[in-house]
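> My structure file work27.pdb, PDB, C-alpha atoms, pLDDT in the B column, is below:
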```
MODEL        1
ATOM      1  CA  MET A   1     -16.741  63.790 -67.291  1.00 56.00           C
ATOM      2  CA  ASN A   2     -14.863  63.116 -64.052  1.00 57.00           C
ATOM      3  CA  LYS A   3     -14.186  59.511 -65.072  1.00 57.00           C
ATOM      4  CA  PHE A   4     -12.798  60.696 -68.380  1.00 50.00           C
ATOM      5  CA  LEU A   5     -10.472  63.228 -66.728  1.00 47.00           C
ATOM      6  CA  SER A   6      -9.386  60.627 -64.190  1.00 52.00           C
ATOM      7  CA  LEU A   7      -8.593  58.188 -66.977  1.00 47.00           C
ATOM      8  CA  ILE A   8      -6.502  60.760 -68.839  1.00 51.00           C
ATOM      9  CA  LEU A   9      -4.624  61.710 -65.655  1.00 46.00           C
ATOM     10  CA  PHE A  10      -3.982  58.029 -64.919  1.00 47.00           C
ATOM     11  CA  LEU A  11      -2.655  57.407 -68.431  1.00 44.00           C
ATOM     12  CA  LEU A  12      -0.347  60.415 -68.240  1.00 43.00           C
ATOM     13  CA  VAL A  13       1.064  59.307 -64.890  1.00 42.00           C
ATOM     14  CA  ALA A  14       1.369  55.663 -65.967  1.00 42.00           C
ATOM     15  CA  SER A  15       3.137  56.504 -69.214  1.00 40.00           C
ATOM     16  CA  GLY A  16       5.678  58.599 -67.316  1.00 41.00           C
ATOM     17  CA  ALA A  17       6.253  55.830 -64.803  1.00 39.00           C
ATOM     18  CA  THR A  18       7.106  53.239 -67.429  1.00 46.00           C
ATOM     19  CA  SER A  19       9.479  55.474 -69.329  1.00 54.00           C
ATOM     20  CA  GLN A  20      12.778  55.731 -67.488  1.00 72.00           C
ATOM     21  CA  VAL A  21      15.070  57.942 -69.533  1.00 77.00           C
ATOM     22  CA  ILE A  22      18.118  57.718 -67.319  1.00 86.00           C
ATOM     23  CA  GLY A  23      20.927  57.656 -69.859  1.00 92.00           C
ATOM     24  CA  ARG A  24      22.326  59.907 -72.539  1.00 93.00           C
ATOM     25  CA  VAL A  25      24.318  59.214 -75.701  1.00 96.00           C
ATOM     26  CA  ASP A  26      26.601  62.008 -76.883  1.00 95.00           C
ATOM     27  CA  LYS A  27      25.907  62.599 -80.596  1.00 94.00           C
ATOM     28  CA  LYS A  28      29.555  63.320 -81.443  1.00 95.00           C
ATOM     29  CA  THR A  29      31.449  60.715 -79.434  1.00 96.00           C
ATOM     30  CA  LYS A  30      28.625  58.122 -79.214  1.00 97.00           C
ATOM     31  CA  GLU A  31      29.574  57.588 -75.577  1.00 96.00           C
ATOM     32  CA  PHE A  32      26.755  56.478 -73.256  1.00 95.00           C
ATOM     33  CA  SER A  33      26.487  57.922 -69.750  1.00 93.00           C
ATOM     34  CA  VAL A  34      24.145  57.796 -66.783  1.00 92.00           C
ATOM     35  CA  ALA A  35      24.259  60.920 -64.614  1.00 90.00           C
ATOM     36  CA  PRO A  36      24.748  60.565 -60.859  1.00 89.00           C
ATOM     37  CA  GLU A  37      22.131  61.547 -58.249  1.00 82.00           C
ATOM     38  CA  GLN A  38      19.018  61.401 -60.399  1.00 85.00           C
ATOM     39  CA  LYS A  39      15.820  62.534 -58.723  1.00 84.00           C
ATOM     40  CA  MET A  40      13.853  59.346 -59.435  1.00 88.00           C
ATOM     41  CA  ASP A  41      13.949  55.649 -58.696  1.00 91.00           C
ATOM     42  CA  TYR A  42      15.097  53.581 -61.642  1.00 92.00           C
ATOM     43  CA  ARG A  43      16.270  50.138 -62.690  1.00 93.00           C
ATOM     44  CA  VAL A  44      17.384  49.524 -66.261  1.00 94.00           C
ATOM     45  CA  PHE A  45      18.981  46.373 -67.610  1.00 95.00           C
ATOM     46  CA  GLY A  46      21.140  45.807 -70.653  1.00 96.00           C
ATOM     47  CA  TYR A  47      20.462  42.450 -72.285  1.00 97.00           C
ATOM     48  CA  GLN A  48      22.604  39.933 -74.146  1.00 97.00           C
ATOM     49  CA  TYR A  49      20.378  40.233 -77.229  1.00 97.00           C
ATOM     50  CA  ALA A  50      17.727  42.720 -78.365  1.00 96.00           C
ATOM     51  CA  ASN A  51      15.094  40.918 -76.328  1.00 95.00           C
ATOM     52  CA  ASN A  52      14.264  41.514 -72.675  1.00 94.00           C
ATOM     53  CA  THR A  53      13.895  37.788 -71.988  1.00 96.00           C
ATOM     54  CA  THR A  54      17.597  37.131 -72.648  1.00 97.00           C
ATOM     55  CA  ARG A  55      20.426  37.243 -70.101  1.00 97.00           C
ATOM     56  CA  LYS A  56      20.824  40.489 -68.138  1.00 96.00           C
ATOM     57  CA  MET A  57      24.335  41.784 -68.854  1.00 97.00           C
ATOM     58  CA  ILE A  58      24.458  45.113 -66.950  1.00 96.00           C
ATOM     59  CA  CYS A  59      22.243  46.987 -64.514  1.00 94.00           C
ATOM     60  CA  PHE A  60      21.854  50.682 -63.725  1.00 93.00           C
ATOM     61  CA  SER A  61      19.744  51.165 -60.607  1.00 92.00           C
ATOM     62  CA  SER A  62      18.981  53.654 -57.851  1.00 91.00           C
ATOM     63  CA  ASN A  63      18.476  50.753 -55.425  1.00 90.00           C
ATOM     64  CA  ALA A  64      21.516  50.124 -53.222  1.00 90.00           C
ATOM     65  CA  ASN A  65      20.744  46.392 -52.891  1.00 88.00           C
ATOM     66  CA  ASP A  66      20.686  45.952 -56.682  1.00 89.00           C
ATOM     67  CA  VAL A  67      24.076  47.584 -56.997  1.00 91.00           C
ATOM     68  CA  ARG A  68      25.902  46.432 -53.881  1.00 89.00           C
ATOM     69  CA  ASP A  69      25.038  42.755 -54.246  1.00 85.00           C
ATOM     70  CA  ASN A  70      24.796  42.711 -58.076  1.00 87.00           C
ATOM     71  CA  TYR A  71      21.414  41.142 -57.307  1.00 82.00           C
ATOM     72  CA  SER A  72      20.745  40.061 -60.905  1.00 87.00           C
ATOM     73  CA  GLY A  73      24.217  38.539 -61.418  1.00 91.00           C
ATOM     74  CA  CYS A  74      25.062  40.764 -64.376  1.00 95.00           C
ATOM     75  CA  PRO A  75      28.487  39.853 -65.831  1.00 96.00           C
ATOM     76  CA  LEU A  76      29.272  43.517 -66.658  1.00 95.00           C
ATOM     77  CA  GLY A  77      28.201  44.616 -63.175  1.00 93.00           C
ATOM     78  CA  SER A  78      25.567  46.784 -61.494  1.00 94.00           C
ATOM     79  CA  TYR A  79      26.017  50.525 -61.062  1.00 93.00           C
ATOM     80  CA  PHE A  80      24.237  53.619 -59.796  1.00 93.00           C
ATOM     81  CA  ASP A  81      25.675  55.572 -62.735  1.00 90.00           C
ATOM     82  CA  THR A  82      28.526  55.401 -65.243  1.00 90.00           C
ATOM     83  CA  ASP A  83      30.772  57.469 -62.955  1.00 89.00           C
ATOM     84  CA  LYS A  84      30.856  54.459 -60.607  1.00 89.00           C
ATOM     85  CA  MET A  85      32.334  52.196 -63.300  1.00 90.00           C
ATOM     86  CA  LYS A  86      36.105  51.772 -63.496  1.00 90.00           C
ATOM     87  CA  THR A  87      37.578  54.943 -65.001  1.00 90.00           C
ATOM     88  CA  SER A  88      39.004  53.006 -67.944  1.00 93.00           C
ATOM     89  CA  ASP A  89      35.651  51.306 -68.791  1.00 95.00           C
ATOM     90  CA  LYS A  90      33.434  52.983 -71.401  1.00 96.00           C
ATOM     91  CA  ILE A  91      30.108  52.298 -73.114  1.00 96.00           C
ATOM     92  CA  PHE A  92      29.528  53.309 -76.735  1.00 97.00           C
ATOM     93  CA  PHE A  93      26.314  53.439 -78.744  1.00 97.00           C
ATOM     94  CA  LEU A  94      26.542  51.440 -81.988  1.00 97.00           C
ATOM     95  CA  GLY A  95      23.051  51.864 -83.419  1.00 96.00           C
ATOM     96  CA  VAL A  96      19.404  50.919 -83.123  1.00 96.00           C
ATOM     97  CA  VAL A  97      18.082  47.365 -83.323  1.00 96.00           C
ATOM     98  CA  GLY A  98      14.283  47.372 -83.138  1.00 95.00           C
ATOM     99  CA  SER A  99      13.276  48.855 -79.794  1.00 96.00           C
ATOM    100  CA  PHE A 100      16.813  48.555 -78.390  1.00 97.00           C
ATOM    101  CA  GLY A 101      20.054  50.451 -78.633  1.00 96.00           C
ATOM    102  CA  LYS A 102      23.086  48.293 -79.447  1.00 97.00           C
ATOM    103  CA  MET A 103      25.876  49.157 -76.991  1.00 97.00           C
ATOM    104  CA  ASN A 104      29.537  48.227 -76.779  1.00 97.00           C
ATOM    105  CA  PHE A 105      31.062  47.900 -73.300  1.00 96.00           C
ATOM    106  CA  VAL A 106      34.806  48.468 -73.661  1.00 97.00           C
ATOM    107  CA  ALA A 107      36.785  47.389 -70.606  1.00 93.00           C
ATOM    108  CA  GLY A 108      40.069  49.010 -69.646  1.00 91.00           C
ATOM    109  CA  ASN A 109      41.965  45.963 -70.911  1.00 93.00           C
ATOM    110  CA  GLY A 110      40.393  46.349 -74.373  1.00 92.00           C
ATOM    111  CA  ALA A 111      37.850  43.526 -74.035  1.00 94.00           C
ATOM    112  CA  LYS A 112      34.582  44.381 -75.795  1.00 97.00           C
ATOM    113  CA  THR A 113      31.108  43.112 -74.955  1.00 97.00           C
ATOM    114  CA  ILE A 114      27.952  43.917 -76.908  1.00 98.00           C
ATOM    115  CA  PHE A 115      24.677  44.392 -75.031  1.00 97.00           C
ATOM    116  CA  TYR A 116      21.295  45.969 -75.763  1.00 98.00           C
ATOM    117  CA  LEU A 117      19.504  48.701 -73.793  1.00 96.00           C
ATOM    118  CA  PRO A 118      15.832  49.550 -74.270  1.00 95.00           C
ATOM    119  CA  LYS A 119      15.607  52.729 -76.387  1.00 95.00           C
ATOM    120  CA  SER A 120      13.147  54.155 -73.872  1.00 93.00           C
ATOM    121  CA  SER A 121      15.919  54.286 -71.247  1.00 93.00           C
ATOM    122  CA  PHE A 122      18.225  56.770 -73.007  1.00 94.00           C
ATOM    123  CA  SER A 123      18.227  59.786 -75.273  1.00 93.00           C
ATOM    124  CA  ILE A 124      20.666  60.922 -77.944  1.00 91.00           C
ATOM    125  CA  LYS A 125      21.847  64.506 -77.534  1.00 90.00           C
TER     126      LYS A 125
ENDMDL
END
```
Show this structure as C-alpha cells.

Amino acid sequence: MNKFLSLILFLLVASGATSQVIGRVDKKTKEFSVAPEQKMDYRVFGYQYANNTTRKMICFSSNANDVRDNYSGCPLGSYFDTDKMKTSDKIFFLGVVGSFGKMNFVAGNGAKTIFYLPKSSFSIK
C-alpha cells in the first residue's frame, strides 16, 4: 500500500514539474504574454518549426545566465518575461499545430517571425 501511495505521489509531483505553464494568450486580442516575477523556475523555448529538435528562436527563462548571455543563441532573444522585450515588440498566437502553438513575433519595425511554443507552456484565457 505504501509503495502504491508513493508511486502516485511521485507521478503527481513529476507531472507538475514537467508542465511549465508560464504564458498566457488573451482570447480577444490573441496577444501572448509571460508575467513577471513568477514563483517557479522555468525555461521555455520557441522553435523554428513545430518540433523541439529544430532551431531555438526565443527563450523565456527564470535563470539570469540564460537571459543575460542569450545562452542558447536565440535570434529573437532571451527574456525573463514579455515586459522585458522592447515595448514595440509583440507576440501573437496564430493557432495550434499539433502539440505546439504557432506564434508570430512582430518587431517594432514591422518585421514578422513565426515560431512555435509547446502548448503545455501557455494557456488561453
> Could you name the residues that touch A:Thr54 at 12 Å or less, counting all atoms listed in the file, but leaving out those on the same chain fewer than 4 positions away, as a list in words?
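Here the answer would be Phe45, Gly46, Tyr47, Gln48, Tyr49, Ala50, Ile58, Cys74, Phe115, Tyr116 and Leu117 of chain A.
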> Point out the residue among A:Met85, A:Arg43, A:Phe92, A:Gly23 with the least atom-to-atom distance to A:Tyr71, counting all atoms listed in the file.
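Closest residue, counting all atoms listed in the file: A:Arg43.
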> Mind giving me the straight-line distance from atom CA of A:Pro36 to atom CA of A:Ser62 in Å, one decimal?
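Atom-to-atom, atom CA of A:Pro36 and atom CA of A:Ser62 are spaced 9.5 Å apart.
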> Which residues are near A:Tyr42? Cut-off 8 Å, all atoms listed in the file, ignore same chain within fewer than 5 positions. Put them as a PyMOL selection string.
chain A and resi 20+22+60-63
> List the spatial neighbours of A:Pro75 as number ranges by chain - criterion: any atom at most 10 Å away, all atoms listed in the file, same-chain residues fewer than 6 positions off excluded.
A: 55-59
> Atom CA of A:Lys119 and atom CA of A:Gly95, how far apart in Å?
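Spanning atom CA of A:Gly95 to atom CA of A:Lys119 is a straight-line distance of 10.3 Å.
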> Under the rule that all atoms listed in the file are counted, which of A:Asp66, A:Ile124, A:Ser78, A:Asn51 is the nearest residue to A:Gly98?
A:Asn51
> In Å, rounded to a single decimal, give me how far atom CA of A:Asp81 is from atom CA of A:Ser33.
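Calculated distance between atom CA of A:Ser33 and atom CA of A:Asp81 is 7.4 Å.
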> If the PyMOL selection byres ((chain A and resi 109) around 12) were run on this exact file, what residues would it hold? Put them as a list in words.
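Taken over the shown coordinates, the PyMOL selection byres ((chain A and resi 109) around 12) returns Lys86, Thr87, Ser88, Asp89, Lys90, Phe105, Val106, Ala107, Gly108, Gly110, Ala111, Lys112 and Thr113 of chain A.
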> As JSON, what would the box around stretch 66-71 of chain A look like: edges along x, y and z, 5 Å added on every side, centre and edge lengths in Å to one decimal?

```
{"center_x": 23.3, "center_y": 44.4, "center_z": -56.0, "size_x": 15.2, "size_y": 16.4, "size_z": 14.2}
```
> Smallest atom-to-atom distance to A:Asp83: which of A:Val44, A:Phe32, A:Thr53, A:Phe100, using all atoms listed in the file?
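Closest to A:Asp83 of all the choices is A:Phe32.
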> So that I can check the surroundings of A:Val67, please list as an NGL selection string every protein, DNA and RNA residue that reaches within 6 Å of it, counting all atoms listed in the file and ignoring chain neighbours fewer than 3 positions away.
:A and (64 or 70 or 78-79)
> For A:Ile114, which of A:Val34, A:Met40, A:Leu76, A:Val21 is the closest residue, counting only C-alpha atoms?
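The closest residue to A:Ile114 is A:Leu76.
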